[in-house]
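Following: one structure in structure tokens, then a few remarks.
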Amino acid sequence: MSEKINKILFWGFIQILIIFILTEVILQVADFPRKSMLFSNINNDGYNRYIRSKDFHHDYRPSQIFYRWSGPNDEFGTVYNEINPLGFRGLIPEPNSVKQNILLLGDSFLEADEIHQDSTVGAFLQRKYPQITFIQKGMSSWSPLLEWNWYNKLGRELKPKKVFLFLCINDFYDGSQYEFCDEAYEANIKISNNSLTFDVDESENDNKIMPWYYNSKVVCLLKLFSKYSNSSNSIFKNSKQFSEDEINQLLNMPSIEFDNNINMIIDKKNPVRIELINFLRLSKPYVLWDSVTAKRVSRSFFWIDKLKENVENTGGRLYIGFLPLGWNISLSECVKGRAYYGFNNVILPMGGIQEQIILYCSNNNITFLPIEQQFKKAASINQLLFLKSDGHLNAKGHQFLSEIISDIID
């Protein structure tokens, strides 16, 4: 009896092995699934597409190709990204060219790896103005300090005549709570001779980030199935949703009362609790800000001062835009992402942070781009400019942003 069972187990194993091998061959020929579908930051060579850098804190690995794959809640599909030797998509300006260079500088909104390159703001502008070279340099989680630093070390060599800096609200968050903002970055710098370095570990930049067994397409397929089957929208559905009255009360509270109430209202287990608190604090009218927040924002303006000085020293001019989020524009925008933050039923004001940016621009002879107003005009004719879940601009949003910039260029 035991001999019969052993034979059954043996031939069962052989059959499973044959099926595994045949499936592996078919998947290898089809090149599916690709490893980058499992690891969001992996490039085609198996390395992290981002590198830690003492010069730039973090940046793209130069001269690489990677695919941005959509997740279960995304609608943008698969996006091919080719990064040039200078660390951005698109053409490198020709040396000694008579063409004027214009630089678009910012964070992940300008990185736009979820948007096909020919549908990005820089590509729209390039087609409209072929006599100009547009450089679109965006990097996830950069803020004014890192943007000035990149311009000071590399961007100035491109000699742009116009530099459009795009700010986002998380640039100004509390660095003791949030690691991707000016205050946090400044805590890790060393400045010498008007140049700075960052206290970061570069040792893992040359390590592949994928275990050897993911060379098997069958293993990748099983992992992919697990990844998508375990994903759900429950976190969106279960997030606390603020009412308009709650938001209005919070935004109009004195700072001490705000801190006491927000800590009771937002569950400590909420995964975006820190972002929510910082976002709402900066969305309050400036007259209700606490002194620490005001000082933090003022310090970020210091780095913009330095960027303006560098731009003007290389014969250029600085322009500033403050990018809204979907829940600043209409209830129809970013319908999945806004639920995650509890904003299903409210449109948030741009608030004190935009007030201060506009005032800063006015005091420093910098043109401020009217992005919020133009985006709200688009919303009034039912144009959707943001991705439903991801929260960044969709292709139409990039097109609208290019038209705002065009008004300046013209």
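Ordering of the structure tokens sets the chain letters (A, B, ...); residue numbers start at 1 within each chain; ligands are numbered from 1 in the order shown.
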Q) What's the 8 Å shell around Ala379 of chain A, counting only C-alpha atoms, without same-chain residues fewer than 4 positions away, as a ChimeraX atom specification? A) /A:329-330,375,383-384
Write out the residues from the selection above, keeping C-alpha atoms, as a short mmCIF file (atom, residue, chain, number, x, y, z; two decimals), in the first residue's frame.
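Wrote it out as out.cif, contents follow:
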```cif
data_model
loop_
_atom_site.label_atom_id
_atom_site.label_comp_id
_atom_site.auth_asym_id
_atom_site.auth_seq_id
_atom_site.Cartn_x
_atom_site.Cartn_y
_atom_site.Cartn_z
CA ILE A 329 -10.74 72.11 -6.71
CA SER A 330 -14.02 70.17 -6.77
CA PHE A 375 -8.17 74.74 -12.49
CA GLN A 383 -12.92 68.85 -16.88
CA LEU A 384 -11.13 66.38 -14.58
#
```
Could you give me, as CSV, a per-residue list for segment 125-223 of chain A showing, wherever an atom lies at most 8 Å from an atom of segment 12-34 of chain A, the closest pair of atoms and their distance in Å to one decimal, using only C-alpha atoms and sorting by chain then residue number from low to high?
```
residue,atom,partner,partner_atom,distance
A:Ser216,CA,A:Glu24,CA,7.0
A:Lys217,CA,A:Glu24,CA,5.9
A:Val218,CA,A:Glu24,CA,5.7
A:Cys220,CA,A:Pro33,CA,6.4
A:Leu221,CA,A:Pro33,CA,6.1
```
Using only C-alpha atoms, determine which residues lie at most 10 Å from Leu385 of chain A, disregarding the query and same-chain residues fewer than 4 positions distant; provide the list as a list of chain:residue names.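 The residues that qualify are A:Leu325, A:Gly326, A:Ile329, A:Ser332, A:Glu333, A:Cys334, A:Phe375, A:Lys376, A:Ala378, A:Ala379, A:Gly391, A:His392, A:Leu393, A:Asn394, A:Ala395, A:Lys396, A:Gly397, A:His398, A:Gln399, A:Phe400, A:Leu401.
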For the residues selected in the previous step, produce a file with N, CA, C and O atoms as a compact mmCIF listing (two decimals), in the first residue's frame.
```
# COMPACT_ATOMS: atom_id res chain seq x y z
N LEU A 325 -4.35 70.47 -4.74
CA LEU A 325 -4.68 69.05 -4.78
C LEU A 325 -6.13 68.92 -5.22
O LEU A 325 -6.89 69.90 -5.24
N GLY A 326 -6.53 67.71 -5.59
CA GLY A 326 -7.87 67.52 -6.14
C GLY A 326 -8.96 68.04 -5.24
O GLY A 326 -9.95 68.62 -5.70
N ILE A 329 -10.14 71.64 -5.46
CA ILE A 329 -10.74 72.11 -6.71
C ILE A 329 -12.22 71.79 -6.80
O ILE A 329 -13.04 72.68 -7.02
N SER A 332 -15.60 66.40 -7.53
CA SER A 332 -15.47 65.36 -8.56
C SER A 332 -14.03 64.93 -8.77
O SER A 332 -13.77 63.92 -9.44
N GLU A 333 -13.08 65.69 -8.23
CA GLU A 333 -11.67 65.38 -8.45
C GLU A 333 -11.14 64.37 -7.43
O GLU A 333 -11.54 64.38 -6.27
N CYS A 334 -10.24 63.51 -7.91
CA CYS A 334 -9.50 62.60 -7.04
C CYS A 334 -10.45 61.82 -6.13
O CYS A 334 -10.27 61.73 -4.91
N PHE A 375 -7.68 76.11 -12.68
CA PHE A 375 -8.17 74.74 -12.49
C PHE A 375 -9.65 74.74 -12.10
O PHE A 375 -10.40 73.85 -12.50
N LYS A 376 -10.06 75.73 -11.31
CA LYS A 376 -11.48 75.79 -10.93
C LYS A 376 -12.36 76.15 -12.12
O LYS A 376 -13.51 75.71 -12.21
N ALA A 378 -11.71 75.06 -15.09
CA ALA A 378 -11.82 73.76 -15.77
C ALA A 378 -12.87 72.90 -15.10
O ALA A 378 -13.67 72.22 -15.76
N ALA A 379 -12.90 72.94 -13.76
CA ALA A 379 -13.88 72.14 -13.02
C ALA A 379 -15.30 72.59 -13.33
O ALA A 379 -16.23 71.78 -13.36
N GLY A 391 -3.70 60.97 -7.14
CA GLY A 391 -3.71 62.34 -6.64
C GLY A 391 -2.91 63.33 -7.45
O GLY A 391 -3.05 64.55 -7.27
N HIS A 392 -2.03 62.85 -8.34
CA HIS A 392 -1.27 63.75 -9.20
C HIS A 392 -2.12 64.17 -10.41
O HIS A 392 -3.23 63.67 -10.61
N LEU A 393 -1.57 65.05 -11.21
CA LEU A 393 -2.27 65.52 -12.40
C LEU A 393 -2.38 64.41 -13.43
O LEU A 393 -1.44 63.64 -13.63
N ASN A 394 -3.52 64.34 -14.12
CA ASN A 394 -3.63 63.45 -15.27
C ASN A 394 -3.15 64.21 -16.51
O ASN A 394 -2.66 65.36 -16.42
N ALA A 395 -3.26 63.60 -17.67
CA ALA A 395 -2.75 64.23 -18.90
C ALA A 395 -3.45 65.56 -19.18
O ALA A 395 -2.81 66.53 -19.60
N LYS A 396 -4.76 65.62 -18.93
CA LYS A 396 -5.50 66.87 -19.13
C LYS A 396 -5.00 67.93 -18.15
O LYS A 396 -4.92 69.12 -18.50
N GLY A 397 -4.67 67.53 -16.93
CA GLY A 397 -4.12 68.47 -15.96
C GLY A 397 -2.79 69.04 -16.42
O GLY A 397 -2.52 70.24 -16.26
N HIS A 398 -1.94 68.19 -17.00
CA HIS A 398 -0.67 68.67 -17.55
C HIS A 398 -0.90 69.65 -18.69
O HIS A 398 -0.20 70.66 -18.82
N GLN A 399 -1.89 69.36 -19.52
CA GLN A 399 -2.21 70.26 -20.63
C GLN A 399 -2.67 71.62 -20.11
O GLN A 399 -2.23 72.67 -20.60
N PHE A 400 -3.56 71.62 -19.12
CA PHE A 400 -4.04 72.88 -18.55
C PHE A 400 -2.90 73.66 -17.92
O PHE A 400 -2.83 74.89 -18.04
N LEU A 401 -2.01 72.96 -17.23
CA LEU A 401 -0.87 73.63 -16.61
C LEU A 401 0.02 74.26 -17.69
O LEU A 401 0.54 75.37 -17.53
```
Exercise. Could you pull out the residues in segment 156-197 of chain A that DSSP calls helix (DSSP H, G or I) from the backbone, as a VMD selection string?
Key: chain A and resid 156 to 158 169 to 172 182 to 186
As an exercise, work out the distance from atom CA of Ser226 of chain A to atom CA of Asn81 of chain A in Å and give it to one decimal place.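 Distance between the two atoms: 25.8 Å.
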Could you build a table of the residues in segment 264-318 of chain A lying no more than 12 Å from segment 184-187 of chain A, giving for each the nearest pair of atoms and their separation in Å rounded to one decimal place, using only C-alpha atoms, ordered by chain and ascending residue number, as CSV?
```
residue,atom,partner,partner_atom,distance
A:Arg296,CA,A:Ala184,CA,10.8
A:Arg299,CA,A:Glu186,CA,9.9
A:Ser300,CA,A:Glu186,CA,9.8
A:Phe302,CA,A:Glu186,CA,11.7
A:Trp303,CA,A:Glu186,CA,10.3
```
Selected residues written out with all heavy atoms, as a PDB file, in the first residue's frame:
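Okay, again_26.pdb is ready:
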```
ATOM      1  N   ARG A 296       8.582  78.104  10.235  1.00  0.00           N
ATOM      2  CA  ARG A 296       8.954  76.996   9.348  1.00  0.00           C
ATOM      3  C   ARG A 296       8.771  77.385   7.880  1.00  0.00           C
ATOM      4  O   ARG A 296       9.631  77.129   7.034  1.00  0.00           O
ATOM      5  CB  ARG A 296       8.120  75.764   9.685  1.00  0.00           C
ATOM      6  CG  ARG A 296       8.457  74.536   8.857  1.00  0.00           C
ATOM      7  CD  ARG A 296       7.563  73.369   9.212  1.00  0.00           C
ATOM      8  NE  ARG A 296       7.639  73.056  10.634  1.00  0.00           N
ATOM      9  CZ  ARG A 296       6.618  73.103  11.476  1.00  0.00           C
ATOM     10  NH1 ARG A 296       5.403  73.424  11.039  1.00  0.00           N
ATOM     11  NH2 ARG A 296       6.777  72.814  12.747  1.00  0.00           N
ATOM     12  N   ARG A 299      11.341  79.823   6.749  1.00  0.00           N
ATOM     13  CA  ARG A 299      12.636  79.198   6.474  1.00  0.00           C
ATOM     14  C   ARG A 299      12.664  78.594   5.074  1.00  0.00           C
ATOM     15  O   ARG A 299      13.695  78.656   4.387  1.00  0.00           O
ATOM     16  CB  ARG A 299      12.918  78.116   7.527  1.00  0.00           C
ATOM     17  CG  ARG A 299      14.284  77.454   7.395  1.00  0.00           C
ATOM     18  CD  ARG A 299      15.419  78.460   7.530  1.00  0.00           C
ATOM     19  NE  ARG A 299      16.727  77.833   7.377  1.00  0.00           N
ATOM     20  CZ  ARG A 299      17.863  78.503   7.272  1.00  0.00           C
ATOM     21  NH1 ARG A 299      17.875  79.826   7.300  1.00  0.00           N
ATOM     22  NH2 ARG A 299      19.010  77.851   7.136  1.00  0.00           N
ATOM     23  N   SER A 300      11.550  78.039   4.621  1.00  0.00           N
ATOM     24  CA  SER A 300      11.503  77.526   3.243  1.00  0.00           C
ATOM     25  C   SER A 300      11.655  78.659   2.243  1.00  0.00           C
ATOM     26  O   SER A 300      12.282  78.499   1.189  1.00  0.00           O
ATOM     27  CB  SER A 300      10.187  76.783   2.994  1.00  0.00           C
ATOM     28  OG  SER A 300      10.195  75.513   3.599  1.00  0.00           O
ATOM     29  N   PHE A 302      13.514  81.120   2.626  1.00  0.00           N
ATOM     30  CA  PHE A 302      14.951  81.385   2.578  1.00  0.00           C
ATOM     31  C   PHE A 302      15.607  80.616   1.441  1.00  0.00           C
ATOM     32  O   PHE A 302      16.447  81.155   0.706  1.00  0.00           O
ATOM     33  CB  PHE A 302      15.590  81.003   3.922  1.00  0.00           C
ATOM     34  CG  PHE A 302      17.087  80.924   3.893  1.00  0.00           C
ATOM     35  CD1 PHE A 302      17.863  82.068   3.954  1.00  0.00           C
ATOM     36  CD2 PHE A 302      17.737  79.688   3.801  1.00  0.00           C
ATOM     37  CE1 PHE A 302      19.251  81.994   3.930  1.00  0.00           C
ATOM     38  CE2 PHE A 302      19.124  79.604   3.780  1.00  0.00           C
ATOM     39  CZ  PHE A 302      19.883  80.756   3.836  1.00  0.00           C
ATOM     40  N   TRP A 303      15.213  79.347   1.261  1.00  0.00           N
ATOM     41  CA  TRP A 303      15.798  78.542   0.183  1.00  0.00           C
ATOM     42  C   TRP A 303      15.304  79.006  -1.181  1.00  0.00           C
ATOM     43  O   TRP A 303      16.048  78.946  -2.165  1.00  0.00           O
ATOM     44  CB  TRP A 303      15.483  77.069   0.400  1.00  0.00           C
ATOM     45  CG  TRP A 303      16.060  76.548   1.679  1.00  0.00           C
ATOM     46  CD1 TRP A 303      15.388  76.177   2.809  1.00  0.00           C
ATOM     47  CD2 TRP A 303      17.452  76.369   1.982  1.00  0.00           C
ATOM     48  NE1 TRP A 303      16.270  75.789   3.788  1.00  0.00           N
ATOM     49  CE2 TRP A 303      17.540  75.894   3.312  1.00  0.00           C
ATOM     50  CE3 TRP A 303      18.627  76.578   1.267  1.00  0.00           C
ATOM     51  CZ2 TRP A 303      18.761  75.628   3.926  1.00  0.00           C
ATOM     52  CZ3 TRP A 303      19.846  76.305   1.874  1.00  0.00           C
ATOM     53  CH2 TRP A 303      19.899  75.832   3.190  1.00  0.00           C
TER      54      TRP A 303
END
```
_Give me, as a ChimeraX atom specification, all polymer residues having an atom no more than 12 Å from Asn96 of chain A, counting only C-alpha atoms and skipping those fewer than 6 positions away in the same chain._
/A:157-159
Between segment 57-84 of chain A and segment 191-208 of chain A, at 10 Å or less, what are the per-residue closest atom pairs and their distances in Å? Count only C-alpha atoms, order by chain and rising residue number, and return it as JSON lines.
```
{"residue": "A:His57", "atom": "CA", "partner": "A:Phe198", "partner_atom": "CA", "distance": 5.7}
{"residue": "A:His58", "atom": "CA", "partner": "A:Val200", "partner_atom": "CA", "distance": 8.9}
{"residue": "A:Arg61", "atom": "CA", "partner": "A:Asn205", "partner_atom": "CA", "distance": 8.9}
```
Exercise for review: Would you list the contacts of Arg338 of chain A as a count of residues only, taking every protein, DNA or RNA residue within 12 Å and counting only C-alpha atoms, but skipping same-chain residues closer than 4 positions in sequence?
Suggested key: 33
